[in-house]
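Below is one structure, written out as structure tokens, with a few remarks after it.
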Amino acid sequence: MTPLAEDLAALIASEGPIPVDRYMALALGHPRHGYYMTRDPFGAAGDFVTAPEISQVFGELMGVWAASAWEAMGRPDRVQLVEIGPGRGTLMADLLRMAKALPAFAAALDVHLVETSPVLAERQRQVLGDAATWHRGLDEVPPGPTLLIANEFLDALPIRQFVRADAGWRERLVGMRDGAFAFGLSRDPVPPGLLPDALREASPGTLVEICPAFASLAAALAARGAPLAALFIDYGHATSRGGETLQAVKAHRPVDPLAEPGDADLTAHVDFAAFAAAARSAGLSAGPVVTQRDLLFGLGLAERAERLAAARPEAFETLRAGVERLVDPAPTGMGSLFKAIALASDRDVLARLPLVD
Ligand SMILES: C[S@@+](CC[C@H](N)C(=O)[O-])C[C@H]1O[C@@H](n2cnc3c(N)ncnc32)[C@H](O)[C@@H]1O
């Protein structure tokens, strides 16, 4: 058993089976044994690879988005540029390099990184030095006009799972069976208000996931006031639907989500429609959901890649492979599985953001 598994087993022995969101929150964020608290999981020797680690073009195009968003909000003298879940700091480093091409924009930036992992915050400090300020929560970021970017952050937010059993909707719980973690169902029915309207009448056997943290994140964004523009990129679906997406990954392979809590990454696909609804309920404006392929081409991927290739012909093959992977249109390719949504404090700012019609 992993050290975290021992803690979880003791918790379940004393309190009974726990909901999936509590299991996920502890597996990822337990202060001593949580997955993100203890390691740098990126790269070939780690567990997974993210877009900024695949190609510098990704972070550079986030710089293009941020500069356009700054223009959209009327070029404020000072703006808080915030990244939530910055990983190794690669996206921000590439973004800031791109920003130098627009000196007035670069000069307006106060950079803030929101990170809960001490290991990754240290890694980000090595990359960014004194170019940024670190925080453990969005509420710690000083007020002011805000540009916010988060890549592969929403998928780490804990989800609850509900199953339409013969007797009605029940919550999926994690308990113990024969010395191992196992899924079971709550005895009590799920209050109907927790289920998405579109899925309440789903057929028996259907599993539905909701992410309660969307509402608190949206409220925290709205509390920052205007102007605000935010871009979230992640894997997921544009419309709400049933089906299990909870997944664990270790050393680039899928593993049983209950097998090694704290030692495998645990994520769920993002329900972008639910996230947009949470944003609107909090008073924000939400743009359309676009694929990563459309986002990157819309921000000038082809032109940027051409320039880089001309400047470093010897790196052409690596550049081409990275870019192709980012925009791969196959159903499970990054260009199509990954999607983006822009949020803004109001309709005026939203309408002027890139890729919002
Ligand atoms: C999958 S990684 C993505 C990293 C980076 N954005 C990238 O694209 O390479 C998730 C990041 O979110 C951070 N994280 C997870 N939960 C968090 C939370 N509740 N608040 C802030 N950061 C969190 C992790 O430590 C990690 O930096």
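Here, A, B, ... name the chains of the structure tokens in the order displayed, residue numbers run from 1 inside each chain, and ligands are numbered from 1 in the same displayed order.
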Shell around Leu217 in chain A at 12 Å using only C-alpha atoms, local window under 6 positions removed, as a PyMOL selection string: chain A and resi 84+137-139+150+153-154+157+211+223-224+230+232+275-276+278-282+284+343
Protein and nucleic acid residues within 8 Å of ligand 1 (only C-alpha atoms and all ligand atoms) as a PyMOL selection string: chain A and resi 28-29+36-37+42+49-53+83-91+114-117+120-121+136-137+150-153+155-157
Within 9 Å of range 64-68 of chain A, which residues of range 127-240 of chain A come that close, and what is the closest atom pair and distance in Å for each? Count only C-alpha atoms and give it as a Markdown table.
| residue | atom | partner | partner_atom | distance |
| --- | --- | --- | --- | --- |
| A:Leu147 | CA | A:Ala66 | CA | 6.7 |
| A:Leu148 | CA | A:Ala66 | CA | 8.2 |
| A:Ile149 | CA | A:Ala66 | CA | 8.3 |
| A:Ala229 | CA | A:Ala66 | CA | 8.6 |
| A:Ala230 | CA | A:Ala66 | CA | 8.8 |
| A:Leu231 | CA | A:Trp65 | CA | 8.6 |
Emit the selected residues as an mmCIF file, in the first residue's frame, including C-alpha atoms.
data_model
loop_
_atom_site.group_PDB
_atom_site.id
_atom_site.type_symbol
_atom_site.label_atom_id
_atom_site.label_comp_id
_atom_site.auth_asym_id
_atom_site.auth_seq_id
_atom_site.Cartn_x
_atom_site.Cartn_y
_atom_site.Cartn_z
ATOM 1 C CA LEU A 147 -5.500 38.198 -17.566
ATOM 2 C CA LEU A 148 -5.634 34.544 -16.572
ATOM 3 C CA ILE A 149 -4.480 31.366 -18.287
ATOM 4 C CA ALA A 229 -10.227 37.864 -19.385
ATOM 5 C CA ALA A 230 -9.418 34.206 -18.812
ATOM 6 C CA LEU A 231 -8.542 31.283 -21.068
#
Strand (DSSP E) positions in range 121-352 of chain A, given as a ChimeraX atom specification: /A:133-135,146-151,160-165,168-177,180-189,207-210,228-237,247-250,253-255,265-267,270-271,285-286,290-291,338-344
I want to know what sits within 7 Å of range 92-95 of chain A, based on only C-alpha atoms, with residues of the same chain fewer than 4 positions away left out; could you give that as a CSV table (one decimal) with N, CA and C atoms, in the first residue's frame?
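What ended up in selection-v3.csv:
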chain,number,residue,atom,x,y,z
A,56,GLN,N,7.5,25.0,-27.7
A,56,GLN,CA,7.5,26.3,-27.2
A,56,GLN,C,6.4,27.2,-27.9
A,59,GLY,N,3.2,28.0,-25.6
A,59,GLY,CA,3.3,29.1,-24.7
A,59,GLY,C,3.4,30.5,-25.4
A,60,GLU,N,4.1,30.5,-26.5
A,60,GLU,CA,4.2,31.7,-27.3
A,60,GLU,C,2.9,32.2,-27.8
A,62,MET,N,0.1,31.5,-26.4
A,62,MET,CA,-0.6,32.0,-25.2
A,62,MET,C,-0.3,33.5,-25.0
A,63,GLY,N,1.0,33.9,-25.3
A,63,GLY,CA,1.4,35.3,-25.2
A,63,GLY,C,0.6,36.1,-26.2
A,99,ALA,N,6.0,38.1,-25.2
A,99,ALA,CA,5.5,39.4,-24.8
A,99,ALA,C,6.5,40.5,-25.1
A,128,LEU,N,11.7,30.9,-13.7
A,128,LEU,CA,11.2,32.3,-13.8
A,128,LEU,C,11.9,33.3,-12.9
Long-range neighbours of Thr332 in chain A as number ranges by chain, 10 Å cut-off, only C-alpha atoms, 5 positions minimum in chain: A: 235, 337-338
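Among A:Ala248, A:Leu61, A:Ala226, A:Ala277, the residue with the shortest atom-to-atom distance to Pro261 in chain A, counting only C-alpha atoms, is A:Ala248.
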Selection: 6 Å around range 159-171 of chain A, only C-alpha atoms, excl. self and same-chain fewer than 4 positions, as a list in words: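 After dropping sequence-adjacent residues, the list is Val20, Asp21, Leu185, Ser186, Pro189, Val190, Pro204, Gly205, Thr206, Leu207, Val208, Glu209, Ile210 and Cys211 of chain A.
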Mind dumping the selected residues with N, CA and C atoms as a PDB file, in the first residue's frame?
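The result, stored in part.pdb:
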ATOM      1  N   VAL A  20     -16.272  10.219  -4.437  1.00  0.00           N
ATOM      2  CA  VAL A  20     -15.132  10.225  -5.367  1.00  0.00           C
ATOM      3  C   VAL A  20     -14.380  11.559  -5.305  1.00  0.00           C
ATOM      4  N   ASP A  21     -15.100  12.681  -5.098  1.00  0.00           N
ATOM      5  CA  ASP A  21     -14.373  13.962  -5.075  1.00  0.00           C
ATOM      6  C   ASP A  21     -13.429  14.049  -3.879  1.00  0.00           C
ATOM      7  N   LEU A 185     -22.052   2.106  -4.070  1.00  0.00           N
ATOM      8  CA  LEU A 185     -23.052   3.171  -4.225  1.00  0.00           C
ATOM      9  C   LEU A 185     -23.625   3.572  -2.865  1.00  0.00           C
ATOM     10  N   SER A 186     -23.990   4.848  -2.760  1.00  0.00           N
ATOM     11  CA  SER A 186     -24.591   5.346  -1.516  1.00  0.00           C
ATOM     12  C   SER A 186     -25.950   4.673  -1.298  1.00  0.00           C
ATOM     13  N   PRO A 189     -30.556   8.390  -1.698  1.00  0.00           N
ATOM     14  CA  PRO A 189     -30.682   8.936  -3.060  1.00  0.00           C
ATOM     15  C   PRO A 189     -29.933  10.263  -3.196  1.00  0.00           C
ATOM     16  N   VAL A 190     -29.591  10.599  -4.427  1.00  0.00           N
ATOM     17  CA  VAL A 190     -28.927  11.877  -4.716  1.00  0.00           C
ATOM     18  C   VAL A 190     -30.007  12.958  -4.820  1.00  0.00           C
ATOM     19  N   PRO A 204     -31.173   3.731 -16.895  1.00  0.00           N
ATOM     20  CA  PRO A 204     -30.501   3.015 -15.806  1.00  0.00           C
ATOM     21  C   PRO A 204     -29.101   2.559 -16.221  1.00  0.00           C
ATOM     22  N   GLY A 205     -28.180   2.671 -15.298  1.00  0.00           N
ATOM     23  CA  GLY A 205     -26.794   2.294 -15.590  1.00  0.00           C
ATOM     24  C   GLY A 205     -25.936   3.495 -15.967  1.00  0.00           C
ATOM     25  N   THR A 206     -26.573   4.625 -16.320  1.00  0.00           N
ATOM     26  CA  THR A 206     -25.798   5.807 -16.736  1.00  0.00           C
ATOM     27  C   THR A 206     -25.001   6.365 -15.554  1.00  0.00           C
ATOM     28  N   LEU A 207     -23.757   6.754 -15.836  1.00  0.00           N
ATOM     29  CA  LEU A 207     -22.923   7.423 -14.821  1.00  0.00           C
ATOM     30  C   LEU A 207     -22.747   8.883 -15.243  1.00  0.00           C
ATOM     31  N   VAL A 208     -22.951   9.769 -14.289  1.00  0.00           N
ATOM     32  CA  VAL A 208     -22.840  11.201 -14.570  1.00  0.00           C
ATOM     33  C   VAL A 208     -21.798  11.806 -13.627  1.00  0.00           C
ATOM     34  N   GLU A 209     -20.969  12.702 -14.184  1.00  0.00           N
ATOM     35  CA  GLU A 209     -19.946  13.348 -13.344  1.00  0.00           C
ATOM     36  C   GLU A 209     -20.257  14.842 -13.222  1.00  0.00           C
ATOM     37  N   ILE A 210     -20.071  15.366 -12.026  1.00  0.00           N
ATOM     38  CA  ILE A 210     -20.165  16.824 -11.871  1.00  0.00           C
ATOM     39  C   ILE A 210     -18.915  17.303 -11.133  1.00  0.00           C
ATOM     40  N   CYS A 211     -18.571  18.564 -11.359  1.00  0.00           N
ATOM     41  CA  CYS A 211     -17.377  19.133 -10.721  1.00  0.00           C
ATOM     42  C   CYS A 211     -17.809  20.313  -9.854  1.00  0.00           C
TER      43      CYS A 211
END
Residue among A:Pro142, A:Gly179, A:Pro227, A:Gly287 lying closest to Glu71 in chain A, counting only C-alpha atoms: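 The shortest atom-to-atom distance to Glu71 in chain A comes from A:Pro227.
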d(CA of Ser203 in chain A, CA of Phe181 in chain A) in Å: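 One can read the CA of Ser203 in chain A to CA of Phe181 in chain A distance as 27.1 Å.
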Contacts of Asp130 in chain A within 12 Å, only C-alpha atoms, excl. fewer than 5 positions in-chain, as a ChimeraX atom specification: /A:93,110-113,124-125
Write a file of the selected residues as a PDB file, in the first residue's frame, keeping C-alpha atoms.
ATOM      1  CA  ALA A  93       8.502  31.509 -19.722  1.00  0.00           C
ATOM      2  CA  ASP A 110       2.684  41.786 -12.960  1.00  0.00           C
ATOM      3  CA  VAL A 111       3.049  38.008 -13.128  1.00  0.00           C
ATOM      4  CA  HIS A 112       1.383  35.740 -10.570  1.00  0.00           C
ATOM      5  CA  LEU A 113       1.546  31.953 -10.387  1.00  0.00           C
ATOM      6  CA  GLN A 124       8.924  27.325 -11.517  1.00  0.00           C
ATOM      7  CA  ARG A 125      11.212  29.568  -9.427  1.00  0.00           C
TER       8      ARG A 125
END
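If you measure from each of A:Leu246, A:Val82, A:Leu173, A:Ile54 to Glu324 in chain A using only C-alpha atoms, the closest one turns out to be A:Ile54.
Proximity to Phe272 in chain A at 8 Å, evaluated using only C-alpha atoms and with sequence-adjacent residues fewer than 4 positions away removed, yields Gly236, His237, Ala238, Thr239, Ser240, Ala276, Val289 and Ile341 of chain A.
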Atomic distance CA of Ala5 in chain A - CA of Asp178 in chain A, expressed in Å with one decimal: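 CA of Asp178 in chain A lies at a distance of 14.2 Å from CA of Ala5 in chain A.
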Those in range 74-284 of chain A with alpha helix (DSSP H) from DSSP, as number ranges by chain: A: 90-99, 103-108, 118-128, 213-222, 272-281
